[in-house]
Amino acid sequence: MNFFKGHNFFKAACLTVSIFTVLACQTKSREVTSEKVSSINNSVDSTFQKTVDDILYLADNISVDSARKQFNLISLDSLQNFKERAKYHYANAYLLDYEGEFEKSIDTYKKGIQLIEENGDLGNEDLPILYNDMAYVYGELQIQPLERVSYGKAFQYIEKYHPDDLDNYSSIFMNYMQALSDYGDRRKATEVRETAKSRLKGVKKTLNGYRFYLGDANYLRSFPISNEIERVRKDFEDFQSGLSQYEKERFSNYAFYTLDALGYGLLRLKDYESAERVFTQMKGIAKTNLNKMKAESNLAATYLKRKQYLKAENTLKQSFSYLSESPLEINGLMLLTARSQALSRGGLQQKATGLLTKMWENYLGDKLHSHKLQNIEFSQNSNRWLYILYTSAEVFRRDFENSGDEESLKLAGIFAQKSSQMFSGYYAKGIYDEELNEHFKAVSNELLQYQTLSNSDFKESISILNQIENNRSSYVWNKFLNRQFDQQGSSFEDFASLQYALSTTETEQDRQNLWNKKFELIENLNPTWADLIRKEIDVSEIAQTLQGQQSILRYLFTENELWVYQLRNGDIKVINLGDRETIENEIKAFYKAVSLRNEEYKTLGEGLFSNLIEPLNLTNSDVTIVPDGLLSQLPFEALGSKPLIHNLNISYLDDLRFYRIPEAIQKQKSEILALAPDYKSTDGYMELKSTFQEAEGLQEIYKATVLKGKQATKANFLRNSPEYTVLHMAMHASLDSSEYHNSALVFDDGGQLTFDEISALQIPAKLVVLSACNTGNGKQLPGEGLMSLSRALTLAGSRSLLHTLWEIPDTESAEIMSNFYQNLSEGRDKKEALTEAKRKFINDNPLKTHPWYWAGYVLNGEKESLELKRKGVDKAWIILLAVTLLITGYFILKRSSSALSRKGKSI
């Protein structure tokens with residue numbers, strides 16, 4: 001903004017490298033230039049303008065006390081118009097921030113914003129800066145959602161009304177890009193990045209150029225693309241080559257953090273060699289002790305990733321030498337903790353334990369004993385403290401494994417529990433990013449390690465598993481709800497403010513009142529979501545509902561390992577299944593073998609069976625699998641020398657939160673709604689010539705409504721879908737694997753129902769059959785799982801989904817589907833109906849036993865049977881249905897490979 005052009009904010013990225021996170025602290029610095037610019041707003045008295053400028057200069061360069069004294073000489077009543085009053089509130093809020101009065105600062109910024117907006121002066125040049133600086137304070141309070149939204153408002157106003165004010169445009173872009181990248185909003189970040197490129201690419205002013213490259217680098221830090229990182233790095237070098245040495249020295253901090261962000265992006269891509277090269281370059285331009293410490297810790301994180309543990313420890317020791325504060329402050333504690341971790345992983349356990357014990361005794365001012373540690377409260381909710389706590393748990397746990405020292409195991413358990421409690425407090429503030437998911441994995445790993453090593457009793461085991469499940473579920477759901485409220489606009493601030501209040505309130509009564517207000521907001525947005533999250537997950541309660549042959553297998557990836565816990569009635573078993581990377585590579589190889597229809601799947605399937613199933617000694621025949629990560633794309637029934645399909649009835653569940661989806665009140669107009677578009681007049685989608693027969697075949701057997709051809713529109717689906725028990729959707733799907741929000745079901749008129757639109761609906765169907773290809777696939781989001789169209793329908797309240805893991809050959813698909821519906825009509829539950837349909841297919845087609853033909857259809861959700869009303873016909877009609885589904889299989893097959901997504905990709 002021209003008014004306060006010299007007062008810009010630089011918020012530097014902190015190092016967050018997987019679980020080796022924040023080895024140097026996040027730093028924020030206010031940078032003021034020597035340039036003083038008067039307001040171009042003629043309605044503001046120039047004397048008052050100069051007074052405000054002087055106050056801000058004093059605060060930034062001399063002392064806040066002298067600035068406050070100068071400010072107190074101004075009388076608000078003496079100011080002539082709302083623009084001067086808005087500037088008054090701005091200056092006051094600016095000082096309140098410096099004085100640590102963050103809540104008062106935000107309230108005062110809001111007063112200035114309100115004056116301008118209520119007077120309709122949206123083009124006021126002060127407005128973007130008021131929002132920008134308020135966002136900065138939200139960041140200091142760690143209220144991430146409101147920080148991001150406020151930066152968004154700042155960018156919106158400066159882009160619309162002042163795009164030529166490149167000084168402030170570049171500053172706001174840089175801040176907003178970091179907020180979006182931290183949050184993981186790739187779609188919005190990409191949009192802002194492209195908009196800013198058109199304004200800032202090739203800017204000649206040095207500072208603006210640095211800001212542009214730092215904003216661009218922050219984008220690639222969170223959304224790394226290998227060739228893009230290299231391109232930006234080279235462009236940045238070209239930009240700097242045209243600068244004088246004086247300019248490079250003056251703005252070296254921007255260059256430092258640009259390289260930091262690019263190096264972190266390379267680490268996420270596991271390009272450790274390139275990351276080390278960039279961090280070495282970063283080290284070469286570090287001027288302050290803080291930056292030297294950070295550069296060394298970045299290099300150490302690279303060595304840790306490469307399992308060069310002792311080299312990492314030496315580098316961390318060098319980083320520690322630059323520490324200018326007490327070693328008992330957060331940076332010193334983190335570096336000492338990281339050193340002990342490196343020593344422990346490097347095999348020097350005694351030295352690691354000694355170093356960590358000494359650190360804690362110095363910090364606590366007392367001997368480190370488990371009974372004393374149990375009573376200490378760690379109230380500092382931050383990702384850095386999370387790292388210290390769960391890494392301490394890891395080091396003491398390794399000491400127990402090495403020496404058998406029971407005290408070390410007790411310490412490990414307490415540190416793990418403390419980190420879990422802190423995680424709960426941290427996500428309650430509404431802070432959601434990929435780093436928080438990495439923390440979750442580390443916390444969960446140490447809780448599970450303690451549970452197995454300590455031979456925890458049933459009650460303690462339940463407590464540990466409940467912590468893990470509720471931490472994960474709350475993280476996932478709060479992120480999802482923030483995204484949904486964000487799209488609603490006005491209610492988002494209320495929701496985010498409640499989140500923050502919940503994380504800071506101290507009394508149980510206040511906490512309960514806030515929870516009630518939060519649920520009221522959620523219920524107003526979507527009652528299904530409120531029902532899903534109203535109660536915490538209780539693993540014991542779930543286990544008690546299991547009867548006879550029923551069991552649940554809950555898989556969980558941590559940083560380096562895969563865990564599973566098996567739930568049966570009255571029994572819970574927790575097992576470490578081994579190395580994560582090895583198992584993930586086997587899953588990828590198996591999926592590829594199935595897709596290519598080669599015979600290698602047999603050996604790979606046997607290996608996965610040995611890793612994933614055999615250690616459980618399964619005696620149950622009715623199994624529900626709750627997968628994690630890549631396991632979401634694995635058909636377990638195809639594993640083993642004799643595939644599990646022959647012995648087990650298997651279904652899937654996205655989350656234990658969905659185990660008992662609350663029954664929605666449903667006004668049933670009819671049993672089945674079948675949609676059958678033909679796409680004759682829809683550009684980009686191949687005509688489907690057989691879906692009419694597919695839908696009409698169902699109508700001949702059941703009480704069903706069919707929307708076919710031009711009737712199969714988005715509007716008709718939205719109008720009718722909430723009223724039906726079963727939805728059968730034989731249609732194209734558009735899958736966007738990079739931006740799952742854009743994945744959509746495609747209707748006859750070309751209308752698309754996207755992931756976000758579906759998940760916001762209320763569709764309480766008891767069964768949704770997605771006959772489109774790849775409807776069970778989507779984007780794997782860290783901590784959230786597979787974001788597929790199937791997942792969207794679950795979020796909309798559908799109780800079970802029959803979807804596909806790959807493009808199913810349609811002749812075989814039709815045979816399996818006809819048998820599935822026949823089994824349903826005979827009263828079998830959905831899980832048994834699908835399992836028996838697959839078994840019948842295998843028995844009837846001995847030349848098609850390869851999983852590619854039959855394993856792609858999976859059931860996700862509840863298994864209960866459906867009371868579908870047949871029209872009083874005999875099995876002849878069932879045979880007719882099978883025939884109508886089979887006779888045009890070849891033509892249906894074409895649809896799987898011809899549906900074009902908006903990205904132009906065949907799916």
# chains A, B, ... in the order shown; residues from 1 in each chain; ligands from 1
$ residues_around --residues "stretch 275-291 of chain A" --least-positions-apart "2" --cutoff "6 Å" --atoms "only C-alpha atoms" --output "PyMOL selection string"
chain A and resi 256+259+263+266-267+272-273+293-295+322
$ select_by_dssp --residues "stretch 701-737 of chain A" --states "alpha helix (DSSP H)" --output "NGL selection string"
:A and (701 or 714-720)
$ residues_around --residues "A:Glu826" --least-positions-apart "5" --cutoff "10 Å" --atoms "only C-alpha atoms" --output "list of chain:residue names"
A:Tyr821, A:Ala833, A:Ser865, A:Leu866, A:Glu867, A:Leu868
$ atom_distance --atom1 "atom CA of A:Phe841" --atom2 "atom CA of A:Pro809"
13.1 Å
$ residues_around --residues "A:Leu323" --least-positions-apart "4" --cutoff "12 Å" --atoms "only C-alpha atoms" --output "list in words"
Ala24, Cys25, Thr288, Asn289, Leu290, Asn291, Lys292, Met293, Lys294, Glu296, Ser297, Leu316, Lys317, Gln318, Ser319, Pro327, Leu328, Glu329, Ile330, Asn331, Gly332, Leu333, Met334, Leu335 and Leu336 of chain A
$ residues_around --residues "A:Thr108" --least-positions-apart "3" --cutoff "9 Å" --atoms "only C-alpha atoms" --output "PyMOL selection string"
chain A and resi 89-90+92-94+96+103-105+111-113
$ residues_around --residues "A:Leu304" --least-positions-apart "6" --cutoff "9 Å" --atoms "only C-alpha atoms" --output "list in words"
Phe20, Leu310, Lys311, Ala312, Glu313 and Ala342 of chain A
$ select_by_dssp --residues "stretch 533-778 of chain A" --states "strand (DSSP E or B)" --output "ChimeraX atom specification"
/A:550-557,561-568,571-579,622-626,649-652,670-676,702,704-708,724-729,733-734,744-746,752-754,767-770,778
$ residues_around --residues "stretch 163-176 of chain A" --least-positions-apart "4" --cutoff "9 Å" --atoms "only C-alpha atoms" --output "compact mmCIF listing (two decimals) with all heavy atoms, in the first residue's frame"
# COMPACT_ATOMS: atom_id res chain seq x y z
N MET A 1 0.85 -1.17 0.00
CA MET A 1 0.00 0.00 0.00
C MET A 1 0.88 1.22 0.00
O MET A 1 1.91 1.26 0.64
CB MET A 1 -0.91 -0.11 1.23
CG MET A 1 -1.05 1.06 2.10
SD MET A 1 -2.01 0.64 3.56
CE MET A 1 -1.36 1.86 4.60
N ASN A 2 0.49 2.26 -0.67
CA ASN A 2 1.32 3.45 -0.76
C ASN A 2 1.43 4.17 0.57
O ASN A 2 2.43 4.78 0.89
CB ASN A 2 0.75 4.41 -1.81
CG ASN A 2 0.96 3.88 -3.21
OD1 ASN A 2 1.92 3.15 -3.43
ND2 ASN A 2 0.07 4.19 -4.12
N PHE A 4 1.52 3.04 3.79
CA PHE A 4 2.56 2.50 4.65
C PHE A 4 3.51 1.65 3.83
O PHE A 4 3.85 0.54 4.18
CB PHE A 4 1.96 1.67 5.79
CG PHE A 4 1.23 2.49 6.80
CD1 PHE A 4 -0.04 2.13 7.19
CD2 PHE A 4 1.79 3.62 7.35
CE1 PHE A 4 -0.74 2.88 8.12
CE2 PHE A 4 1.11 4.36 8.28
CZ PHE A 4 -0.16 4.00 8.67
N LYS A 5 3.91 2.17 2.72
CA LYS A 5 4.73 1.40 1.78
C LYS A 5 6.01 0.89 2.42
O LYS A 5 6.46 -0.20 2.14
CB LYS A 5 5.08 2.27 0.57
CG LYS A 5 5.90 1.55 -0.46
CD LYS A 5 6.30 2.49 -1.56
CE LYS A 5 5.36 2.43 -2.70
NZ LYS A 5 5.78 3.27 -3.82
N GLY A 6 6.59 1.65 3.32
CA GLY A 6 7.87 1.24 3.91
C GLY A 6 7.74 0.20 4.99
O GLY A 6 8.72 -0.35 5.44
N ASN A 8 6.72 -3.21 5.73
CA ASN A 8 6.35 -4.51 5.19
C ASN A 8 6.75 -5.61 6.16
O ASN A 8 7.61 -5.42 7.02
CB ASN A 8 7.02 -4.75 3.84
CG ASN A 8 6.52 -3.78 2.80
OD1 ASN A 8 5.33 -3.68 2.57
ND2 ASN A 8 7.44 -3.04 2.19
N PHE A 9 6.16 -6.75 5.96
CA PHE A 9 6.40 -7.87 6.86
C PHE A 9 7.09 -8.99 6.11
O PHE A 9 6.69 -9.33 5.02
CB PHE A 9 5.07 -8.38 7.41
CG PHE A 9 4.40 -7.39 8.27
CD1 PHE A 9 3.60 -6.42 7.72
CD2 PHE A 9 4.61 -7.39 9.64
CE1 PHE A 9 2.97 -5.48 8.51
CE2 PHE A 9 3.99 -6.46 10.43
CZ PHE A 9 3.17 -5.50 9.88
N PHE A 10 8.11 -9.53 6.75
CA PHE A 10 8.79 -10.69 6.18
C PHE A 10 8.67 -11.84 7.15
O PHE A 10 9.14 -11.76 8.27
CB PHE A 10 10.26 -10.37 5.94
CG PHE A 10 11.04 -11.54 5.44
CD1 PHE A 10 10.77 -12.09 4.21
CD2 PHE A 10 12.03 -12.10 6.21
CE1 PHE A 10 11.48 -13.18 3.75
CE2 PHE A 10 12.75 -13.19 5.75
CZ PHE A 10 12.47 -13.72 4.53
N LYS A 11 8.00 -12.85 6.73
CA LYS A 11 7.78 -14.01 7.59
C LYS A 11 8.58 -15.18 7.02
O LYS A 11 8.24 -15.72 6.00
CB LYS A 11 6.29 -14.34 7.63
CG LYS A 11 5.94 -15.52 8.50
CD LYS A 11 4.45 -15.71 8.46
CE LYS A 11 4.06 -16.98 9.15
NZ LYS A 11 2.64 -17.24 9.02
N PRO A 128 -5.91 -3.35 2.16
CA PRO A 128 -5.08 -4.57 2.05
C PRO A 128 -4.06 -4.69 3.17
O PRO A 128 -3.81 -5.78 3.68
CB PRO A 128 -4.40 -4.42 0.69
CG PRO A 128 -5.21 -3.44 -0.07
CD PRO A 128 -5.81 -2.52 0.94
N ILE A 129 -3.48 -3.54 3.59
CA ILE A 129 -2.46 -3.60 4.63
C ILE A 129 -3.08 -3.90 5.99
O ILE A 129 -2.50 -4.63 6.80
CB ILE A 129 -1.66 -2.29 4.67
CG1 ILE A 129 -0.81 -2.19 3.41
CG2 ILE A 129 -0.78 -2.21 5.90
CD1 ILE A 129 0.17 -3.32 3.24
N ASN A 132 -3.52 -7.57 5.89
CA ASN A 132 -2.22 -8.22 5.90
C ASN A 132 -1.63 -8.24 7.30
O ASN A 132 -1.15 -9.27 7.79
CB ASN A 132 -1.27 -7.48 4.95
CG ASN A 132 0.11 -8.11 4.91
OD1 ASN A 132 0.34 -9.07 4.20
ND2 ASN A 132 1.04 -7.53 5.66
N TYR A 136 -0.88 -11.26 10.13
CA TYR A 136 0.40 -11.49 10.80
C TYR A 136 0.19 -11.79 12.28
O TYR A 136 0.82 -12.69 12.85
CB TYR A 136 1.29 -10.26 10.61
CG TYR A 136 2.66 -10.40 11.21
CD1 TYR A 136 3.70 -10.96 10.48
CD2 TYR A 136 2.92 -9.96 12.50
CE1 TYR A 136 4.97 -11.09 11.03
CE2 TYR A 136 4.18 -10.08 13.06
CZ TYR A 136 5.20 -10.65 12.33
OH TYR A 136 6.45 -10.78 12.87
N GLU A 147 -5.52 -16.58 9.88
CA GLU A 147 -4.33 -15.99 9.26
C GLU A 147 -4.41 -16.12 7.74
O GLU A 147 -4.23 -15.15 7.00
CB GLU A 147 -3.08 -16.69 9.78
CG GLU A 147 -1.78 -16.23 9.10
CD GLU A 147 -0.60 -17.14 9.40
OE1 GLU A 147 -0.82 -18.33 9.72
OE2 GLU A 147 0.54 -16.66 9.29
N ARG A 148 -4.74 -17.32 7.30
CA ARG A 148 -4.81 -17.58 5.86
C ARG A 148 -5.92 -16.77 5.19
O ARG A 148 -5.73 -16.16 4.13
CB ARG A 148 -5.03 -19.07 5.65
CG ARG A 148 -5.21 -19.51 4.22
CD ARG A 148 -5.23 -21.03 4.15
NE ARG A 148 -6.08 -21.62 5.17
CZ ARG A 148 -7.39 -21.79 5.03
NH1 ARG A 148 -7.98 -21.41 3.92
NH2 ARG A 148 -8.10 -22.34 6.00
N VAL A 149 -7.09 -16.71 5.83
CA VAL A 149 -8.21 -15.98 5.25
C VAL A 149 -7.93 -14.48 5.21
O VAL A 149 -8.27 -13.79 4.23
CB VAL A 149 -9.50 -16.27 6.05
CG1 VAL A 149 -10.62 -15.32 5.63
CG2 VAL A 149 -9.95 -17.71 5.82
N SER A 150 -7.28 -13.96 6.23
CA SER A 150 -6.98 -12.53 6.25
C SER A 150 -5.95 -12.15 5.19
O SER A 150 -6.06 -11.11 4.53
CB SER A 150 -6.50 -12.11 7.65
OG SER A 150 -7.50 -12.34 8.61
N TYR A 151 -4.93 -13.00 5.02
CA TYR A 151 -4.00 -12.76 3.91
C TYR A 151 -4.73 -12.83 2.57
O TYR A 151 -4.43 -12.08 1.63
CB TYR A 151 -2.86 -13.78 3.93
CG TYR A 151 -1.74 -13.45 4.88
CD1 TYR A 151 -1.23 -14.42 5.73
CD2 TYR A 151 -1.18 -12.17 4.92
CE1 TYR A 151 -0.19 -14.13 6.61
CE2 TYR A 151 -0.15 -11.87 5.80
CZ TYR A 151 0.34 -12.85 6.64
OH TYR A 151 1.37 -12.56 7.51
N GLY A 152 -5.71 -13.74 2.50
CA GLY A 152 -6.50 -13.85 1.27
C GLY A 152 -7.27 -12.58 0.97
O GLY A 152 -7.36 -12.15 -0.19
N ALA A 154 -6.43 -9.59 1.97
CA ALA A 154 -5.43 -8.59 1.58
C ALA A 154 -5.07 -8.74 0.11
O ALA A 154 -5.00 -7.76 -0.64
CB ALA A 154 -4.19 -8.73 2.46
N PHE A 155 -4.85 -9.99 -0.32
CA PHE A 155 -4.49 -10.23 -1.71
C PHE A 155 -5.65 -9.89 -2.64
O PHE A 155 -5.45 -9.32 -3.72
CB PHE A 155 -4.06 -11.68 -1.90
CG PHE A 155 -3.51 -11.97 -3.26
CD1 PHE A 155 -2.20 -11.62 -3.58
CD2 PHE A 155 -4.29 -12.58 -4.24
CE1 PHE A 155 -1.68 -11.88 -4.85
CE2 PHE A 155 -3.79 -12.83 -5.50
CZ PHE A 155 -2.48 -12.48 -5.81
N TYR A 157 -8.01 -7.62 -2.27
CA TYR A 157 -8.18 -6.17 -2.43
C TYR A 157 -7.05 -5.53 -3.22
O TYR A 157 -7.27 -4.64 -4.05
CB TYR A 157 -8.33 -5.51 -1.06
CG TYR A 157 -9.70 -5.68 -0.46
CD1 TYR A 157 -9.87 -6.27 0.80
CD2 TYR A 157 -10.84 -5.24 -1.14
CE1 TYR A 157 -11.13 -6.43 1.35
CE2 TYR A 157 -12.10 -5.40 -0.58
CZ TYR A 157 -12.25 -6.00 0.65
OH TYR A 157 -13.50 -6.15 1.20
N ILE A 158 -5.82 -5.99 -2.96
CA ILE A 158 -4.72 -5.35 -3.69
C ILE A 158 -4.69 -5.79 -5.15
O ILE A 158 -4.35 -5.01 -6.04
CB ILE A 158 -3.37 -5.61 -2.99
CG1 ILE A 158 -2.37 -4.51 -3.42
CG2 ILE A 158 -2.82 -7.01 -3.30
CD1 ILE A 158 -1.18 -4.39 -2.50
N GLU A 159 -5.10 -7.04 -5.42
CA GLU A 159 -5.17 -7.51 -6.80
C GLU A 159 -6.26 -6.78 -7.57
O GLU A 159 -6.08 -6.43 -8.74
CB GLU A 159 -5.43 -9.02 -6.81
CG GLU A 159 -5.85 -9.61 -8.15
CD GLU A 159 -4.81 -9.48 -9.24
OE1 GLU A 159 -3.61 -9.43 -8.91
OE2 GLU A 159 -5.21 -9.42 -10.42
N LEU A 180 -0.93 -20.31 2.38
CA LEU A 180 -1.60 -21.34 1.59
C LEU A 180 -0.77 -22.61 1.51
O LEU A 180 -1.30 -23.72 1.58
CB LEU A 180 -1.87 -20.81 0.17
CG LEU A 180 -2.95 -19.73 0.04
CD1 LEU A 180 -2.93 -19.16 -1.38
CD2 LEU A 180 -4.32 -20.29 0.37
N SER A 181 0.54 -22.44 1.36
CA SER A 181 1.42 -23.60 1.25
C SER A 181 1.49 -24.36 2.57
O SER A 181 1.46 -25.60 2.60
CB SER A 181 2.82 -23.16 0.82
OG SER A 181 2.77 -22.53 -0.45
N ALA A 189 -3.41 -22.03 -3.96
CA ALA A 189 -2.04 -21.57 -4.09
C ALA A 189 -1.62 -21.49 -5.55
O ALA A 189 -0.94 -20.54 -5.97
CB ALA A 189 -1.10 -22.51 -3.33
N VAL A 192 -3.27 -18.36 -7.10
CA VAL A 192 -2.61 -17.13 -6.67
C VAL A 192 -1.24 -17.01 -7.31
O VAL A 192 -0.82 -15.93 -7.75
CB VAL A 192 -2.50 -17.10 -5.13
CG1 VAL A 192 -1.60 -15.96 -4.66
CG2 VAL A 192 -3.88 -16.98 -4.51
N ARG A 193 -0.53 -18.13 -7.40
CA ARG A 193 0.80 -18.12 -8.01
C ARG A 193 0.73 -17.66 -9.45
O ARG A 193 1.55 -16.82 -9.89
CB ARG A 193 1.39 -19.52 -7.92
CG ARG A 193 2.82 -19.63 -8.45
CD ARG A 193 3.24 -21.08 -8.56
NE ARG A 193 4.64 -21.24 -8.85
CZ ARG A 193 5.15 -22.24 -9.56
NH1 ARG A 193 4.34 -23.19 -10.03
NH2 ARG A 193 6.44 -22.32 -9.79
N ALA A 196 -0.06 -13.91 -9.64
CA ALA A 196 1.08 -13.07 -9.26
C ALA A 196 2.17 -13.09 -10.31
O ALA A 196 2.86 -12.08 -10.52
CB ALA A 196 1.64 -13.54 -7.92
N ARG A 199 1.89 -10.40 -12.74
CA ARG A 199 2.18 -9.06 -12.20
C ARG A 199 3.66 -8.87 -11.89
O ARG A 199 4.20 -7.78 -12.09
CB ARG A 199 1.40 -8.84 -10.90
CG ARG A 199 -0.10 -9.03 -11.00
CD ARG A 199 -0.77 -7.89 -11.70
NE ARG A 199 -2.23 -8.03 -11.63
CZ ARG A 199 -3.07 -7.35 -12.39
NH1 ARG A 199 -2.60 -6.50 -13.29
NH2 ARG A 199 -4.36 -7.53 -12.27
N LEU A 200 4.30 -9.91 -11.38
CA LEU A 200 5.62 -9.74 -10.78
C LEU A 200 6.77 -10.34 -11.57
O LEU A 200 7.92 -10.03 -11.31
CB LEU A 200 5.63 -10.35 -9.37
CG LEU A 200 4.67 -9.70 -8.36
CD1 LEU A 200 4.62 -10.52 -7.08
CD2 LEU A 200 5.10 -8.28 -8.05
N VAL A 203 10.00 -8.31 -12.59
CA VAL A 203 10.05 -7.00 -11.94
C VAL A 203 11.49 -6.56 -11.79
O VAL A 203 12.39 -7.37 -11.55
CB VAL A 203 9.36 -7.04 -10.56
CG1 VAL A 203 7.87 -7.21 -10.69
CG2 VAL A 203 9.94 -8.14 -9.68
N LYS A 205 12.54 -3.94 -9.69
CA LYS A 205 12.92 -3.48 -8.36
C LYS A 205 13.40 -4.67 -7.53
O LYS A 205 12.73 -5.68 -7.44
CB LYS A 205 11.75 -2.80 -7.67
CG LYS A 205 12.16 -2.11 -6.37
CD LYS A 205 11.08 -1.17 -5.87
CE LYS A 205 11.54 -0.49 -4.60
NZ LYS A 205 10.54 0.46 -4.09
N LEU A 207 13.82 -5.53 -4.26
CA LEU A 207 13.09 -6.12 -3.15
C LEU A 207 11.86 -6.88 -3.64
O LEU A 207 11.57 -7.98 -3.17
CB LEU A 207 12.67 -5.03 -2.16
CG LEU A 207 11.86 -5.50 -0.94
CD1 LEU A 207 12.61 -6.57 -0.16
CD2 LEU A 207 11.54 -4.31 -0.03
N ASN A 208 11.14 -6.32 -4.58
CA ASN A 208 9.96 -6.99 -5.11
C ASN A 208 10.32 -8.30 -5.80
O ASN A 208 9.58 -9.29 -5.71
CB ASN A 208 9.23 -6.07 -6.09
CG ASN A 208 8.66 -4.84 -5.40
OD1 ASN A 208 8.50 -4.83 -4.19
ND2 ASN A 208 8.37 -3.80 -6.17
N GLY A 209 11.44 -8.31 -6.49
CA GLY A 209 11.89 -9.54 -7.13
C GLY A 209 12.20 -10.62 -6.12
O GLY A 209 11.82 -11.78 -6.29
N TYR A 210 12.87 -10.26 -5.03
CA TYR A 210 13.16 -11.23 -3.98
C TYR A 210 11.88 -11.78 -3.37
O TYR A 210 11.77 -12.98 -3.08
CB TYR A 210 14.02 -10.59 -2.89
CG TYR A 210 15.52 -10.67 -3.15
CD1 TYR A 210 16.27 -9.54 -3.41
CD2 TYR A 210 16.16 -11.90 -3.13
CE1 TYR A 210 17.64 -9.60 -3.64
CE2 TYR A 210 17.54 -11.99 -3.36
CZ TYR A 210 18.27 -10.84 -3.62
OH TYR A 210 19.61 -10.93 -3.86
N ARG A 211 10.92 -10.89 -3.14
CA ARG A 211 9.66 -11.36 -2.56
C ARG A 211 8.95 -12.34 -3.49
O ARG A 211 8.38 -13.34 -3.05
CB ARG A 211 8.74 -10.17 -2.28
CG ARG A 211 9.18 -9.31 -1.11
CD ARG A 211 8.33 -8.06 -1.05
NE ARG A 211 8.69 -7.21 0.06
CZ ARG A 211 8.49 -5.89 0.06
NH1 ARG A 211 7.95 -5.31 -1.00
NH2 ARG A 211 8.82 -5.17 1.11
N PHE A 212 8.96 -12.04 -4.79
CA PHE A 212 8.32 -12.93 -5.75
C PHE A 212 8.96 -14.31 -5.71
O PHE A 212 8.27 -15.34 -5.65
CB PHE A 212 8.40 -12.35 -7.16
CG PHE A 212 8.00 -13.35 -8.21
CD1 PHE A 212 6.68 -13.74 -8.36
CD2 PHE A 212 8.95 -13.91 -9.05
CE1 PHE A 212 6.31 -14.67 -9.32
CE2 PHE A 212 8.59 -14.84 -10.01
CZ PHE A 212 7.26 -15.22 -10.14
N TYR A 213 10.28 -14.37 -5.72
CA TYR A 213 10.96 -15.67 -5.75
C TYR A 213 10.77 -16.42 -4.44
O TYR A 213 10.66 -17.66 -4.43
CB TYR A 213 12.44 -15.49 -6.07
CG TYR A 213 12.68 -15.32 -7.55
CD1 TYR A 213 13.09 -14.10 -8.08
CD2 TYR A 213 12.48 -16.39 -8.43
CE1 TYR A 213 13.28 -13.94 -9.43
CE2 TYR A 213 12.68 -16.23 -9.79
CZ TYR A 213 13.08 -15.00 -10.29
OH TYR A 213 13.27 -14.85 -11.64
N LEU A 214 10.72 -15.70 -3.30
CA LEU A 214 10.47 -16.38 -2.04
C LEU A 214 9.06 -16.96 -2.02
O LEU A 214 8.84 -18.09 -1.57
CB LEU A 214 10.69 -15.43 -0.87
CG LEU A 214 10.44 -16.03 0.53
CD1 LEU A 214 11.24 -17.31 0.72
CD2 LEU A 214 10.77 -15.03 1.61
N GLY A 215 8.07 -16.18 -2.50
CA GLY A 215 6.71 -16.71 -2.58
C GLY A 215 6.63 -17.92 -3.48
O GLY A 215 5.98 -18.92 -3.15
N ASP A 216 7.31 -17.86 -4.62
CA ASP A 216 7.31 -18.98 -5.56
C ASP A 216 7.99 -20.21 -4.95
O ASP A 216 7.53 -21.35 -5.10
CB ASP A 216 8.05 -18.56 -6.84
CG ASP A 216 7.48 -19.23 -8.08
OD1 ASP A 216 6.28 -19.58 -8.08
OD2 ASP A 216 8.23 -19.38 -9.05
N ASN A 218 8.18 -20.91 -1.76
CA ASN A 218 7.31 -21.47 -0.73
C ASN A 218 6.23 -22.36 -1.34
O ASN A 218 5.82 -23.36 -0.73
CB ASN A 218 6.66 -20.35 0.09
CG ASN A 218 7.55 -19.88 1.22
OD1 ASN A 218 8.30 -20.65 1.78
ND2 ASN A 218 7.48 -18.60 1.54
